[in-house]
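Novice: Pasting a structure here, questions to come.
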Amino acid sequence: MSKVALAQFQQVFVEESLEGLDTMESSLLALDDGGDAELVHTIFRAAHSIKGGAATFGFPEISSFTHEAESLLDEVRGGKRAIDGGIVGLLLRTVDCLRGMFARAQAGELLDDATAAVLRGELAAAMGRGAEAGAAPASARVDRAEAWTIRFRPHPGMLAGGNDPLRLIRELAGLGTLEVTAELDRLPALDRLDPSECHLGWTIALRGPASRADIAAVFDWVEGECDLAIEPVQAAAPAPAPAPPAPAPVADMAAARTQREAGGESTVRVAIGKIDGLINLVGELVITQSMLDTFRDGVDASRLALLEQGLAQLARHTRELQESVMGIRMLPIASVFNRFPRMVRDLSQKLGKQVRLELVGEHTELDKTVLEKIGDPLVHLVRNAIDHGLEPPAQRRAAGKGDTGTLRLEASHRGGSIVVEVSDDGAGLDRAAIVAKAVQRGLIAGGDGLDDEAVAELIFQPGFSTAAVTTDLSGRGVGMDVVRRNVADLGGTVTIRSTRGKGSVFTITLPLTLAIIDGLTAAVGEEHYIVPLVSIVESVQLGAEAIRTVAGGGELFRFRDEYLPLVRLHRAFGCPGAAQRIEDGLVIVVEGDGSRVGLFVDGLLGQQQAVVKSLEANYRRVQGISGATILADGSVALIVDIAGLVRLQGGRKAA
Amino acid sequence: MSDHPGSEALQSQYLTVNLAHEEYGIDILAVREIRGWTPVTRIPQAPHYVLGVLNLRGAIVPVIDMRLRFGLPREDYGPTTVAVIVAVAGRNFGVVVDAVSDVLDVAADAIRPVPDMGTAVDTEYLKGLTAAGERMVLLLDVDRLLQPQDAQMLEAALPAAADVKAVA
């Protein structure tokens, strides 16, 4: 295999292996909750594929490392060892370590590191313990030895099955040092030699602490296609058990994840059904096109109805095609949710809390771009909920609640948005502590007259934390403001609802996709701007008397029961020739970033779907503009960034 | 040029454009296309020489007026006014010039340093000058056109927005 081809397969192998590791992780977690034996088989199969693949694609370190874990799993599978929390924890750390190795493999770095070495020792120790604790083997066979002699005689037809003896021997090399002698006695004369058959046999002397199962596992794939004899050279000596090392910090897992997400070009896996749907639609489109083609020679009145029908079909197919193509980018949120069982397990153990995690609506689909960016804010909210929200068992009992706290992640579609809720039944926000902290930081004068909602808003202030003790999880005050900013960058909002003693609910509302928005076209002078429909509350026509000017030049207007700031778009964007008098134009009330403002424009022209194009690709970010779109006439219109404008307005008020 | 290995260091081609009665050369490898002048969409908070953005087959591309960029008097756009779309460091942008005139083969040893005087364009943006018959052609350093001032312009975006706030 050429180097290029191998590299290409390596990429696929790494992707598959990472999926295999995800499977192992989720199965291990299920096992920890009391799963059945089938899970052990699933984990074993995943580990076995990774091991085999790693040897084939030239990652001997990964292969031999996985092998250690596989041996342990094999004992569990064979019923020689009961699975317990310790083994699950060890195997979970093995999974993390393998993720790290794959990340380094993709980056072309050295695969083995200190963690791997430590884990290797632990795995070996776990095996050793098992040998002491487990019942004595029924047979007189020696299962562990320092050295082995292996006679391996492939049947002539083994090569036809795609099995390469060289790979097997290379894999054996992962178990110890090898001395390989080829047996040439079956080699026929050259004129009778069939190169597609295997005529060689090998006698292999293996030096290294390996078990019979280890060695047999190497030959698993060629079982029945070779004669195999595995004999120990000397009696087994008990493997020295190394001291158990300190458990790897939780941060390692996050680091490995991030590394994985950052590395390599991103790909999308698409369900075959979606592709079939697309092919179908394109077929329809071709039929419509050929139908319309018959009008090439001219249209007479008699066929006008047919033309109209054809155009309507074209419009419908185009819209459906657009939706289907967008659908390819839509992925279930499960891929983000999947990391939480593990995280919750690690965190709750570390903090001595009992947490039950409920995941609801994992199949809710959203745009891949949104999906990639929603992970970090969610991780933050979950950490916060476990660290600050949920109480330790004793405290929960005192409050008359069950020992185990519930953390619930729920995703759902609501109109054109995705709503993700992170809720816990913990202590809720401590109003007094938040108010005290806010007063101390000079954010507010006092807590009087603030409703709960306003108090909750305070935790979104930069650098705000009420945690008495800074832990390595949270409490450093880098937090909620970043969450809000990240979500706002995706065009979404974060709100919080909290009841003291009952718990808190964080609600993230996100747009379904970032690529297409529904918008209203607004005229400002000679220019046209697109205002996203989701942000529009309503539009009103105001008289001059409705406007109040406040000190500092800001303008407010009365809308229902409140006064909202007025943003004159022509001033914000410097548009020439726009209406100046408030009664000559319209005020669009928009909501963004949790607050409302009125946008003063000349008028509204109509609704349209806008394909969002980046301004930054060739130019740069513009304040108050989220992107651009191309209108039907081929010209460019800019899309108003409501949250950005609101922030601008807020900044002015604060200044 | 890659047809003649080794020669690219010695000779390159330049698209020459007219600007305020002077002739400038743009490295032809940077030129994507030449478009007749069509109105663009103005962008807020942009420097005065950034006229706006246009739709280049689905991509949003900023357009710079070369006269304004170099502080030359503004002139009405006429039938010969064109936007030359250039690609620098993965970014596309259009430069509006009075007219395009020619494609020149310029040998490396025919490029002379620019004396620091008398040209409308700051020598900072020039690679050198060369002679084409009777004419003198100033070779533009396209890489510098959107930089470094424009990198600073990017940094300046926030203060600029603050001004807007004050007005609003």
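Following the order of the structure tokens, chains are lettered A, B, ..., residues in each are numbered from 1, and ligands are numbered from 1.
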For chain A against chain B, with a cut-off of 8 Å and counting only C-alpha atoms, what is the closest atom pair and its distance in Å to one decimal for every residue that makes the cut, ordered by chain and number, as a Markdown table?
Specialist:
| residue | atom | partner | partner_atom | distance |
| --- | --- | --- | --- | --- |
| A:Glu527 | CA | B:Thr41 | CA | 7.8 |
| A:Gly553 | CA | B:Ala168 | CA | 7.8 |
| A:Gly554 | CA | B:Ala168 | CA | 7.0 |
| A:Val567 | CA | B:Ala168 | CA | 6.6 |
| A:Arg568 | CA | B:Ala168 | CA | 6.8 |
| A:Arg571 | CA | B:Ala168 | CA | 6.0 |
| A:Ala572 | CA | B:Val164 | CA | 5.8 |
| A:Phe573 | CA | B:Pro44 | CA | 4.8 |
| A:Gly574 | CA | B:Pro44 | CA | 6.4 |
| A:Cys575 | CA | B:Pro44 | CA | 8.0 |
| A:Lys613 | CA | B:Ile60 | CA | 6.9 |
| A:Ser614 | CA | B:Ile60 | CA | 7.0 |
| A:Leu615 | CA | B:Ile60 | CA | 6.1 |
| A:Ala617 | CA | B:Arg91 | CA | 6.9 |
| A:Asn618 | CA | B:Arg91 | CA | 4.8 |
| A:Tyr619 | CA | B:Pro62 | CA | 6.1 |
| A:Arg620 | CA | B:Leu154 | CA | 6.9 |
| A:Val622 | CA | B:Gln45 | CA | 7.2 |
| A:Gln623 | CA | B:Ala161 | CA | 6.5 |
| A:Ala628 | CA | B:Ile60 | CA | 7.3 |
| A:Ile630 | CA | B:Asn55 | CA | 7.0 |
| A:Gly634 | CA | B:Asn55 | CA | 6.8 |
| A:Ser635 | CA | B:Asn55 | CA | 6.3 |
| A:Val636 | CA | B:Thr41 | CA | 5.9 |
| A:Ala637 | CA | B:Thr41 | CA | 6.8 |
| A:Leu638 | CA | B:Ile43 | CA | 7.9 |
| A:Leu648 | CA | B:Lys165 | CA | 6.5 |
| A:Gln649 | CA | B:Lys165 | CA | 7.0 |
| A:Arg652 | CA | B:Lys165 | CA | 6.0 |
Novice: Which neighbours of A:Ser71 fall inside 10 Å, counting only C-alpha atoms, when residues of the same chain fewer than 5 positions from it are skipped, and could you give them as a ChimeraX atom specification?
Specialist: /A:44,47-48,66,76-77,123-124,127,210-215,217
Novice: Using only C-alpha atoms, which residues sit within 6 Å of B:Asp141 once same-chain residues fewer than 4 positions away are excluded, as a PyMOL selection string?
Specialist: chain B and resi 125-127
Novice: What gap, in Å, lies between atom CA of A:Ala305 and atom CA of A:Met291?
Specialist: 12.8 Å
